[in-house]
>>> print(open('work.pdb').read())   # PDB, C-alpha atoms
ATOM      1  CA  SER A   1      21.155 -25.516  -1.873
ATOM      2  CA  CYS A   2      24.330 -26.372  -3.767
ATOM      3  CA  ARG A   3      24.815 -30.015  -4.786
ATOM      4  CA  VAL A   4      28.104 -29.774  -6.660
ATOM      5  CA  GLY A   5      30.542 -32.618  -6.057
ATOM      6  CA  ALA A   6      30.324 -35.975  -4.337
ATOM      7  CA  GLU A   7      28.469 -36.734  -1.120
ATOM      8  CA  GLY A   8      30.191 -35.980   2.135
ATOM      9  CA  PHE A   9      32.787 -33.364   2.973
ATOM     10  CA  ASP A  10      34.774 -32.267  -0.068
ATOM     11  CA  MET A  11      36.841 -29.061   0.022
ATOM     12  CA  GLU A  12      37.099 -28.877  -3.768
ATOM     13  CA  ALA A  13      33.337 -29.360  -4.158
ATOM     14  CA  GLY A  14      32.810 -26.659  -1.546
ATOM     15  CA  LYS A  15      34.860 -24.211  -3.590
ATOM     16  CA  LYS A  16      32.898 -25.067  -6.726
ATOM     17  CA  CYS A  17      29.676 -24.531  -4.788
ATOM     18  CA  ALA A  18      30.820 -21.099  -3.694
ATOM     19  CA  GLU A  19      31.786 -20.194  -7.259
ATOM     20  CA  LYS A  20      28.438 -21.300  -8.634
ATOM     21  CA  MET A  21      26.527 -19.505  -5.885
ATOM     22  CA  ASP A  22      28.489 -16.301  -6.531
ATOM     23  CA  ASP A  23      27.753 -16.599 -10.241
ATOM     24  CA  PHE A  24      24.071 -17.217  -9.552
ATOM     25  CA  MET A  25      23.735 -14.369  -7.058
ATOM     26  CA  SER A  26      25.309 -11.954  -9.527
ATOM     27  CA  LYS A  27      22.237 -12.521 -11.710
ATOM     28  CA  VAL A  28      19.731 -11.951  -8.878
ATOM     29  CA  ALA A  29      18.175  -8.549  -8.192
ATOM     30  CA  TYR A  30      15.516  -7.344  -5.762
ATOM     31  CA  PHE A  31      12.832  -4.845  -6.687
ATOM     32  CA  SER A  32      10.081  -3.527  -4.423
ATOM     33  CA  GLY A  33       6.644  -2.429  -5.659
ATOM     34  CA  GLY A  34       2.915  -2.896  -5.265
ATOM     35  CA  TYR A  35       0.884  -5.660  -6.908
ATOM     36  CA  ASP A  36      -1.386  -3.112  -8.582
ATOM     37  CA  ASP A  37       1.344  -0.617  -9.503
ATOM     38  CA  ALA A  38       1.914  -0.801 -13.263
ATOM     39  CA  ASP A  39       4.609   1.887 -13.050
ATOM     40  CA  ALA A  40       6.586  -0.215 -10.562
ATOM     41  CA  VAL A  41       6.307  -3.251 -12.847
ATOM     42  CA  ARG A  42       7.438  -1.106 -15.772
ATOM     43  CA  LYS A  43      10.475   0.112 -13.833
ATOM     44  CA  MET A  44      11.276  -3.469 -12.837
ATOM     45  CA  GLY A  45      11.126  -4.457 -16.486
ATOM     46  CA  GLU A  46      13.399  -1.572 -17.471
ATOM     47  CA  GLN A  47      15.889  -2.660 -14.817
ATOM     48  CA  ALA A  48      15.801  -6.240 -16.093
ATOM     49  CA  GLN A  49      16.182  -5.044 -19.665
ATOM     50  CA  THR A  50      19.230  -2.848 -19.069
ATOM     51  CA  SER A  51      20.988  -5.290 -16.728
ATOM     52  CA  PHE A  52      20.267  -8.526 -18.572
ATOM     53  CA  GLU A  53      17.893  -8.580 -21.538
ATOM     54  CA  ASP A  54      19.788  -6.155 -23.784
ATOM     55  CA  LYS A  55      22.692  -8.591 -23.769
ATOM     56  CA  HIS A  56      20.516 -11.264 -25.413
ATOM     57  CA  LYS A  57      18.619  -9.327 -28.070
ATOM     58  CA  ALA A  58      19.807 -11.622 -30.823
ATOM     59  CA  THR A  59      17.704 -14.505 -29.569
ATOM     60  CA  GLY A  60      14.964 -12.639 -27.727
ATOM     61  CA  VAL A  61      14.371 -12.888 -23.998
ATOM     62  CA  ASP A  62      11.258 -14.358 -22.434
ATOM     63  CA  ARG A  63       9.794 -13.138 -19.141
ATOM     64  CA  LEU A  64       8.288 -15.507 -16.589
ATOM     65  CA  TYR A  65       6.314 -14.056 -13.687
ATOM     66  CA  TYR A  66       5.705 -16.553 -10.885
ATOM     67  CA  LEU A  67       2.941 -15.141  -8.678
ATOM     68  CA  ALA A  68       3.806 -16.532  -5.228
ATOM     69  CA  ILE A  69       1.198 -14.200  -3.746
ATOM     70  CA  PRO A  70      -2.348 -14.371  -2.310
ATOM     71  CA  PRO A  71      -4.893 -15.287  -5.015
ATOM     72  CA  THR A  72      -6.919 -12.187  -4.101
ATOM     73  CA  VAL A  73      -4.301 -10.074  -5.893
ATOM     74  CA  PHE A  74      -3.769 -12.307  -8.954
ATOM     75  CA  ALA A  75      -5.970 -10.052 -11.099
ATOM     76  CA  ASP A  76      -4.308  -6.807  -9.945
ATOM     77  CA  SER A  77      -0.877  -8.275 -10.657
ATOM     78  CA  ALA A  78      -1.948  -9.528 -14.080
ATOM     79  CA  ARG A  79      -3.205  -6.059 -15.036
ATOM     80  CA  SER A  80       0.048  -4.469 -13.858
ATOM     81  CA  ILE A  81       2.088  -6.950 -15.895
ATOM     82  CA  SER A  82      -0.116  -6.387 -18.942
ATOM     83  CA  GLU A  83       0.282  -2.617 -18.703
ATOM     84  CA  GLY A  84       3.957  -2.436 -17.829
ATOM     85  CA  GLY A  85       5.721  -5.780 -17.855
ATOM     86  CA  ILE A  86       5.270  -7.491 -21.226
ATOM     87  CA  ALA A  87       8.549  -8.791 -22.664
ATOM     88  CA  PRO A  88       9.697  -6.475 -25.496
ATOM     89  CA  THR A  89      11.539  -9.141 -27.505
ATOM     90  CA  GLY A  90      10.226 -12.530 -26.317
ATOM     91  CA  GLU A  91       7.279 -14.349 -24.814
ATOM     92  CA  THR A  92       5.592 -13.431 -21.532
ATOM     93  CA  ARG A  93       4.227 -16.087 -19.178
ATOM     94  CA  VAL A  94       2.393 -15.534 -15.897
ATOM     95  CA  VAL A  95       2.323 -18.541 -13.567
ATOM     96  CA  ILE A  96      -0.450 -18.823 -10.977
ATOM     97  CA  GLU A  97      -0.911 -21.602  -8.482
ATOM     98  CA  LYS A  98      -3.993 -22.904  -6.718
ATOM     99  CA  PRO A  99      -6.327 -21.962  -5.157
ATOM    100  CA  PHE A 100      -8.095 -20.590  -8.210
ATOM    101  CA  GLY A 101     -10.971 -19.149  -6.208
ATOM    102  CA  ARG A 102     -13.141 -20.670  -3.473
ATOM    103  CA  ASP A 103     -15.926 -22.045  -5.668
ATOM    104  CA  SER A 104     -17.189 -22.010  -9.254
ATOM    105  CA  ALA A 105     -18.413 -18.411  -9.057
ATOM    106  CA  SER A 106     -15.152 -17.005  -7.673
ATOM    107  CA  TYR A 107     -13.151 -19.050 -10.193
ATOM    108  CA  GLU A 108     -15.222 -17.658 -13.058
ATOM    109  CA  LYS A 109     -14.623 -14.130 -11.749
ATOM    110  CA  LEU A 110     -10.862 -14.744 -11.459
ATOM    111  CA  SER A 111     -10.721 -16.328 -14.908
ATOM    112  CA  SER A 112     -12.602 -13.395 -16.432
ATOM    113  CA  ASP A 113     -10.329 -10.853 -14.727
ATOM    114  CA  LEU A 114      -7.194 -12.631 -15.930
ATOM    115  CA  ALA A 115      -8.554 -12.918 -19.466
ATOM    116  CA  SER A 116      -9.198  -9.173 -19.555
ATOM    117  CA  ALA A 117      -5.494  -8.529 -18.924
ATOM    118  CA  LEU A 118      -3.653 -11.472 -20.516
ATOM    119  CA  THR A 119      -4.136 -13.932 -23.351
ATOM    120  CA  GLU A 120      -4.743 -17.580 -22.531
ATOM    121  CA  LYS A 121      -1.325 -18.393 -23.981
ATOM    122  CA  GLN A 122       0.289 -16.079 -21.426
ATOM    123  CA  ILE A 123      -1.446 -17.699 -18.428
ATOM    124  CA  TYR A 124       0.021 -20.884 -16.933
ATOM    125  CA  ARG A 125      -1.989 -22.501 -14.140
ATOM    126  CA  ILE A 126      -0.109 -25.053 -12.086
ATOM    127  CA  ASP A 127      -0.625 -27.529  -9.300
ATOM    128  CA  HIS A 128       2.778 -28.000  -7.661
ATOM    129  CA  TYR A 129       1.768 -31.497  -6.526
ATOM    130  CA  LEU A 130       2.138 -32.647 -10.142
ATOM    131  CA  GLY A 131       5.829 -31.809  -9.879
ATOM    132  CA  LYS A 132       6.455 -34.583  -7.359
ATOM    133  CA  GLU A 133       8.503 -37.374  -8.879
ATOM    134  CA  LEU A 134       6.133 -40.084  -7.637
ATOM    135  CA  VAL A 135       3.144 -38.363  -9.267
ATOM    136  CA  GLN A 136       5.064 -37.742 -12.487
ATOM    137  CA  ASN A 137       5.850 -41.457 -12.708
ATOM    138  CA  ILE A 138       2.216 -42.616 -12.534
ATOM    139  CA  MET A 139       1.564 -42.480 -16.275
ATOM    140  CA  ALA A 140       4.818 -44.252 -17.105
ATOM    141  CA  MET A 141       4.091 -46.920 -14.505
ATOM    142  CA  ARG A 142       0.636 -47.455 -16.008
ATOM    143  CA  PHE A 143       0.886 -47.071 -19.747
ATOM    144  CA  ALA A 144       4.480 -48.177 -20.405
ATOM    145  CA  ASN A 145       4.330 -51.182 -18.117
ATOM    146  CA  PHE A 146       3.192 -54.447 -19.699
ATOM    147  CA  ILE A 147       2.757 -56.047 -16.274
ATOM    148  CA  PHE A 148       0.420 -53.525 -14.679
ATOM    149  CA  GLU A 149      -1.600 -52.091 -17.564
ATOM    150  CA  PRO A 150      -3.537 -55.312 -18.442
ATOM    151  CA  LEU A 151      -4.475 -55.670 -14.762
ATOM    152  CA  TRP A 152      -5.525 -52.030 -14.207
ATOM    153  CA  ASP A 153      -9.312 -52.507 -14.088
ATOM    154  CA  SER A 154     -12.267 -53.756 -12.040
ATOM    155  CA  ARG A 155     -11.555 -57.422 -12.797
ATOM    156  CA  HIS A 156      -8.287 -57.304 -10.855
ATOM    157  CA  ILE A 157      -8.603 -54.366  -8.444
ATOM    158  CA  ALA A 158     -11.070 -54.437  -5.528
ATOM    159  CA  SER A 159     -10.563 -50.844  -4.370
ATOM    160  CA  VAL A 160      -8.183 -47.914  -4.676
ATOM    161  CA  GLN A 161      -7.040 -45.856  -1.694
ATOM    162  CA  ILE A 162      -5.411 -42.438  -1.983
ATOM    163  CA  ASP A 163      -4.025 -41.192   1.344
ATOM    164  CA  PHE A 164      -2.429 -37.882   2.252
ATOM    165  CA  LYS A 165      -1.056 -37.667   5.781
ATOM    166  CA  GLU A 166       1.015 -34.983   7.493
ATOM    167  CA  PRO A 167       2.378 -35.567  11.014
ATOM    168  CA  PHE A 168       1.980 -31.910  11.994
ATOM    169  CA  GLY A 169      -0.710 -29.259  12.277
ATOM    170  CA  VAL A 170      -1.228 -25.922  10.580
ATOM    171  CA  GLU A 171       1.608 -24.109  12.324
ATOM    172  CA  GLY A 172       2.099 -20.758  10.635
ATOM    173  CA  ARG A 173      -0.692 -21.331   8.094
ATOM    174  CA  ALA A 174      -3.811 -21.264  10.253
ATOM    175  CA  GLY A 175      -4.996 -17.929   8.840
ATOM    176  CA  TYR A 176      -5.054 -19.372   5.329
ATOM    177  CA  PHE A 177      -6.067 -22.894   6.248
ATOM    178  CA  ASP A 178      -9.109 -21.981   8.340
ATOM    179  CA  ASN A 179     -10.554 -20.192   5.319
ATOM    180  CA  SER A 180     -10.189 -23.253   3.115
ATOM    181  CA  GLY A 181     -10.033 -26.515   5.061
ATOM    182  CA  ILE A 182      -8.529 -29.818   4.062
ATOM    183  CA  VAL A 183     -11.015 -30.453   1.235
ATOM    184  CA  ARG A 184     -10.250 -27.228  -0.636
ATOM    185  CA  ASP A 185      -6.578 -27.182   0.351
ATOM    186  CA  ILE A 186      -5.649 -30.747  -0.586
ATOM    187  CA  MET A 187      -8.415 -32.976  -1.880
ATOM    188  CA  GLN A 188     -10.174 -31.065  -4.659
ATOM    189  CA  ASN A 189      -6.897 -30.195  -6.370
ATOM    190  CA  HIS A 190      -3.834 -32.280  -5.438
ATOM    191  CA  LEU A 191      -5.562 -35.578  -4.761
ATOM    192  CA  MET A 192      -8.118 -35.245  -7.562
ATOM    193  CA  GLN A 193      -5.177 -34.866  -9.953
ATOM    194  CA  VAL A 194      -3.715 -38.086  -8.557
ATOM    195  CA  LEU A 195      -7.091 -39.844  -8.885
ATOM    196  CA  ALA A 196      -7.378 -38.710 -12.502
ATOM    197  CA  LEU A 197      -3.892 -39.993 -13.353
ATOM    198  CA  LEU A 198      -4.627 -43.329 -11.684
ATOM    199  CA  ALA A 199      -7.995 -43.894 -13.343
ATOM    200  CA  MET A 200      -8.006 -42.147 -16.738
ATOM    201  CA  GLU A 201      -7.641 -43.905 -20.082
ATOM    202  CA  ALA A 202      -4.429 -43.669 -22.081
ATOM    203  CA  PRO A 203      -4.176 -40.310 -23.871
ATOM    204  CA  ALA A 204      -3.607 -40.174 -27.627
ATOM    205  CA  THR A 205      -0.271 -38.465 -26.972
ATOM    206  CA  MET A 206       1.606 -37.176 -23.938
ATOM    207  CA  GLY A 207       0.777 -33.622 -25.025
ATOM    208  CA  ALA A 208      -0.861 -31.386 -22.427
ATOM    209  CA  ASP A 209      -4.178 -31.096 -24.291
ATOM    210  CA  ASP A 210      -4.570 -34.853 -24.779
ATOM    211  CA  VAL A 211      -3.729 -35.609 -21.139
ATOM    212  CA  ARG A 212      -6.183 -32.922 -19.999
ATOM    213  CA  ASP A 213      -8.935 -34.338 -22.234
ATOM    214  CA  GLU A 214      -8.608 -37.788 -20.683
ATOM    215  CA  LYS A 215      -8.613 -36.330 -17.171
ATOM    216  CA  VAL A 216     -11.781 -34.377 -17.913
ATOM    217  CA  LYS A 217     -13.457 -37.453 -19.403
ATOM    218  CA  LEU A 218     -12.647 -39.384 -16.228
ATOM    219  CA  LEU A 219     -13.856 -36.631 -13.905
ATOM    220  CA  ARG A 220     -17.157 -36.455 -15.778
ATOM    221  CA  SER A 221     -17.617 -40.154 -15.125
ATOM    222  CA  ILE A 222     -17.522 -39.711 -11.334
ATOM    223  CA  LYS A 223     -20.859 -39.931  -9.569
ATOM    224  CA  THR A 224     -21.824 -36.638  -7.905
ATOM    225  CA  LEU A 225     -20.860 -36.707  -4.236
ATOM    226  CA  SER A 226     -23.364 -36.263  -1.414
ATOM    227  CA  PRO A 227     -22.789 -35.499   2.296
ATOM    228  CA  ASP A 228     -23.203 -39.214   3.032
ATOM    229  CA  ASP A 229     -20.031 -39.909   1.032
ATOM    230  CA  PHE A 230     -17.920 -37.858   3.469
ATOM    231  CA  CYS A 231     -16.453 -38.168   6.936
ATOM    232  CA  ILE A 232     -14.780 -35.052   8.392
ATOM    233  CA  GLY A 233     -13.053 -34.092  11.629
ATOM    234  CA  GLN A 234     -10.490 -31.894  13.387
ATOM    235  CA  TYR A 235      -7.323 -32.931  15.170
ATOM    236  CA  ALA A 236      -7.312 -32.526  18.945
ATOM    237  CA  ALA A 237      -4.516 -32.019  21.442
ATOM    238  CA  LYS A 238      -2.574 -35.128  22.368
ATOM    239  CA  GLY A 239       0.315 -35.212  24.805
ATOM    240  CA  ASP A 240       2.554 -32.228  24.143
ATOM    241  CA  LYS A 241       1.078 -31.635  20.689
ATOM    242  CA  PRO A 242      -1.522 -28.846  20.524
ATOM    243  CA  GLY A 243      -4.954 -29.253  18.982
ATOM    244  CA  TYR A 244      -6.328 -27.252  16.086
ATOM    245  CA  HIS A 245      -8.215 -24.866  18.375
ATOM    246  CA  ASP A 246      -5.062 -24.224  20.396
ATOM    247  CA  ASP A 247      -3.622 -22.196  17.516
ATOM    248  CA  GLU A 248      -4.029 -18.478  18.199
ATOM    249  CA  GLU A 249      -5.057 -17.790  14.599
ATOM    250  CA  VAL A 250      -7.937 -20.296  14.678
ATOM    251  CA  PRO A 251     -11.333 -18.941  15.802
ATOM    252  CA  LYS A 252     -12.623 -20.844  18.810
ATOM    253  CA  GLU A 253     -15.912 -21.568  17.040
ATOM    254  CA  SER A 254     -14.217 -22.874  13.877
ATOM    255  CA  VAL A 255     -15.621 -26.068  12.381
ATOM    256  CA  THR A 256     -13.133 -26.138   9.484
ATOM    257  CA  PRO A 257     -12.169 -29.785   8.837
ATOM    258  CA  THR A 258      -8.527 -30.772   9.152
ATOM    259  CA  PHE A 259      -9.370 -34.371   8.197
ATOM    260  CA  ALA A 260     -11.694 -35.663   5.510
ATOM    261  CA  ALA A 261     -12.414 -38.981   3.880
ATOM    262  CA  CYS A 262     -14.734 -39.697   0.986
ATOM    263  CA  ALA A 263     -15.675 -42.473  -1.404
ATOM    264  CA  PHE A 264     -15.916 -42.020  -5.179
ATOM    265  CA  GLU A 265     -17.784 -44.145  -7.709
ATOM    266  CA  ILE A 266     -16.593 -44.017 -11.310
ATOM    267  CA  ASN A 267     -19.296 -44.891 -13.802
ATOM    268  CA  ASN A 268     -17.363 -46.381 -16.680
ATOM    269  CA  ARG A 269     -16.503 -49.866 -17.908
ATOM    270  CA  ARG A 270     -12.970 -49.977 -16.507
ATOM    271  CA  TRP A 271     -13.906 -49.053 -12.923
ATOM    272  CA  ASP A 272     -17.472 -50.303 -12.552
ATOM    273  CA  GLY A 273     -18.010 -51.357  -8.922
ATOM    274  CA  VAL A 274     -14.550 -50.266  -7.700
ATOM    275  CA  PRO A 275     -14.673 -47.706  -4.838
ATOM    276  CA  PHE A 276     -11.991 -45.025  -4.837
ATOM    277  CA  LEU A 277     -11.332 -44.014  -1.226
ATOM    278  CA  MET A 278      -9.625 -40.693  -0.593
ATOM    279  CA  ARG A 279      -8.338 -39.549   2.811
ATOM    280  CA  ALA A 280      -6.447 -36.436   3.794
ATOM    281  CA  GLY A 281      -5.504 -35.071   7.167
ATOM    282  CA  ARG A 282      -3.025 -33.293   9.312
TER     283      ARG A 282
END
>>> encode(input="work.pdb", output="structure tokens")
Amino acid sequence: SCRVGAEGFDMEAGKKCAEKMDDFMSKVAYFSGGYDDADAVRKMGEQAQTSFEDKHKATGVDRLYYLAIPPTVFADSARSISEGGIAPTGETRVVIEKPFGRDSASYEKLSSDLASALTEKQIYRIDHYLGKELVQNIMAMRFANFIFEPLWDSRHIASVQIDFKEPFGVEGRAGYFDNSGIVRDIMQNHLMQVLALLAMEAPATMGADDVRDEKVKLLRSIKTLSPDDFCIGQYAAKGDKPGYHDDEEVPKESVTPTFAACAFEINNRRWDGVPFLMRAGR
């Protein structure tokens, strides 16, 4: 959407919006090809090079591939990019977003397949939840705040609750969701990132490697979960709102949880005896 100009109706701002949209759309092109078709990726690169990249040879042009596709074809796409889509004059980055497999074994297979086609420097794994402004502000609120930071421990905090609630079902996403469930879809990635940011120690720097190291240290301090630490359920029909099993894409025998709650124990000095309660549901 265009946000040029002041709020409300503004004819001049509307004209500027149209100009900016026209300028933007003149730089947009559509290309059709298969995930595993290196020739198609090569042709796409040639099109990008002749229409845009050749104009910027003096500084080099980077290529960013954002794979907004099913994770089952990440590896095929990475091989196609490696064979036909590497930037001739700049850096190449391939962005993939969770889920990175269903479990440890499938993640290891995906990681191995990607590594056979791309270097680690070319692969950028993201969790879009970390892009939310509220989540981005957690570290600043903690480590740059002289009021909160001295109180951020078991002597002053009785418990921590992390809640994720959506007032709607899985409309349009049941095929994907029923294969994952709320734990894989939300808790083990999005909310575990939030937990790590809330509970980790201050990193040496704000660099990615230092922040990651502190997150990993925190995650290793969490007591291994057991089934007794969980409560799961599915949403049912209520009033004019359909239940989970009313969705045509959901198998009638499905036991996939749409709600889950669990309790974490962190075995370190800062959080000794403080339960971290995580809940997610739709």
>>> closest_atom_pairs(input="work.pdb", of="segment 131-163 of chain A", to="segment 205-221 of chain A", cutoff="12 Å", atoms="only C-alpha atoms", output="tab-separated table")
residue	atom	partner	partner_atom	distance
A:Gln136	CA	A:Met206	CA	12.0
A:Met139	CA	A:Met206	CA	9.3
A:Ala140	CA	A:Met206	CA	10.3
A:Phe143	CA	A:Met206	CA	10.8
A:Ala144	CA	A:Met206	CA	11.9
>>> residues_around(input="work.pdb", residues="segment 159-165 of chain A", least_positions_apart="5", cutoff="6 Å", atoms="all atoms listed in the file", output="list in words")
Val274, Pro275, Phe276, Leu277, Met278, Arg279, Ala280, Gly281 and Arg282 of chain A
>>> atom_distance(input="work.pdb", atom1="atom CA of Asp229 of chain A", atom2="atom CA of Asn267 of chain A")
15.7 Å
>>> resolve_selection(input="work.pdb", expression="the PyMOL selection byres ((chain A and resi 98-100) around 9)", output="JSON, numbers by chain")
{"A": [71, 96, 97, 101, 102, 103, 106, 107, 110, 111, 125, 126, 127, 128, 184, 185, 189]}
>>> residues_around(input="work.pdb", residues="Glu120 of chain A", least_positions_apart="3", cutoff="10 Å", atoms="all atoms listed in the file", output="PyMOL selection string")
chain A and resi 93-94+111+114-117+123-124
>>> closest_residue(input="work.pdb", among="A:Glu249, A:Asp36, A:Asp76, A:Glu83", to="Asp113 of chain A", atoms="only C-alpha atoms")
A:Asp76
>>> residues_near_point(input="work.pdb", point="(9.7, -16.4, -20.0)", cutoff="7 Å", atoms="all atoms listed in the file", output="JSON, numbers by chain")
{"A": [62, 63, 64, 91, 92, 93]}
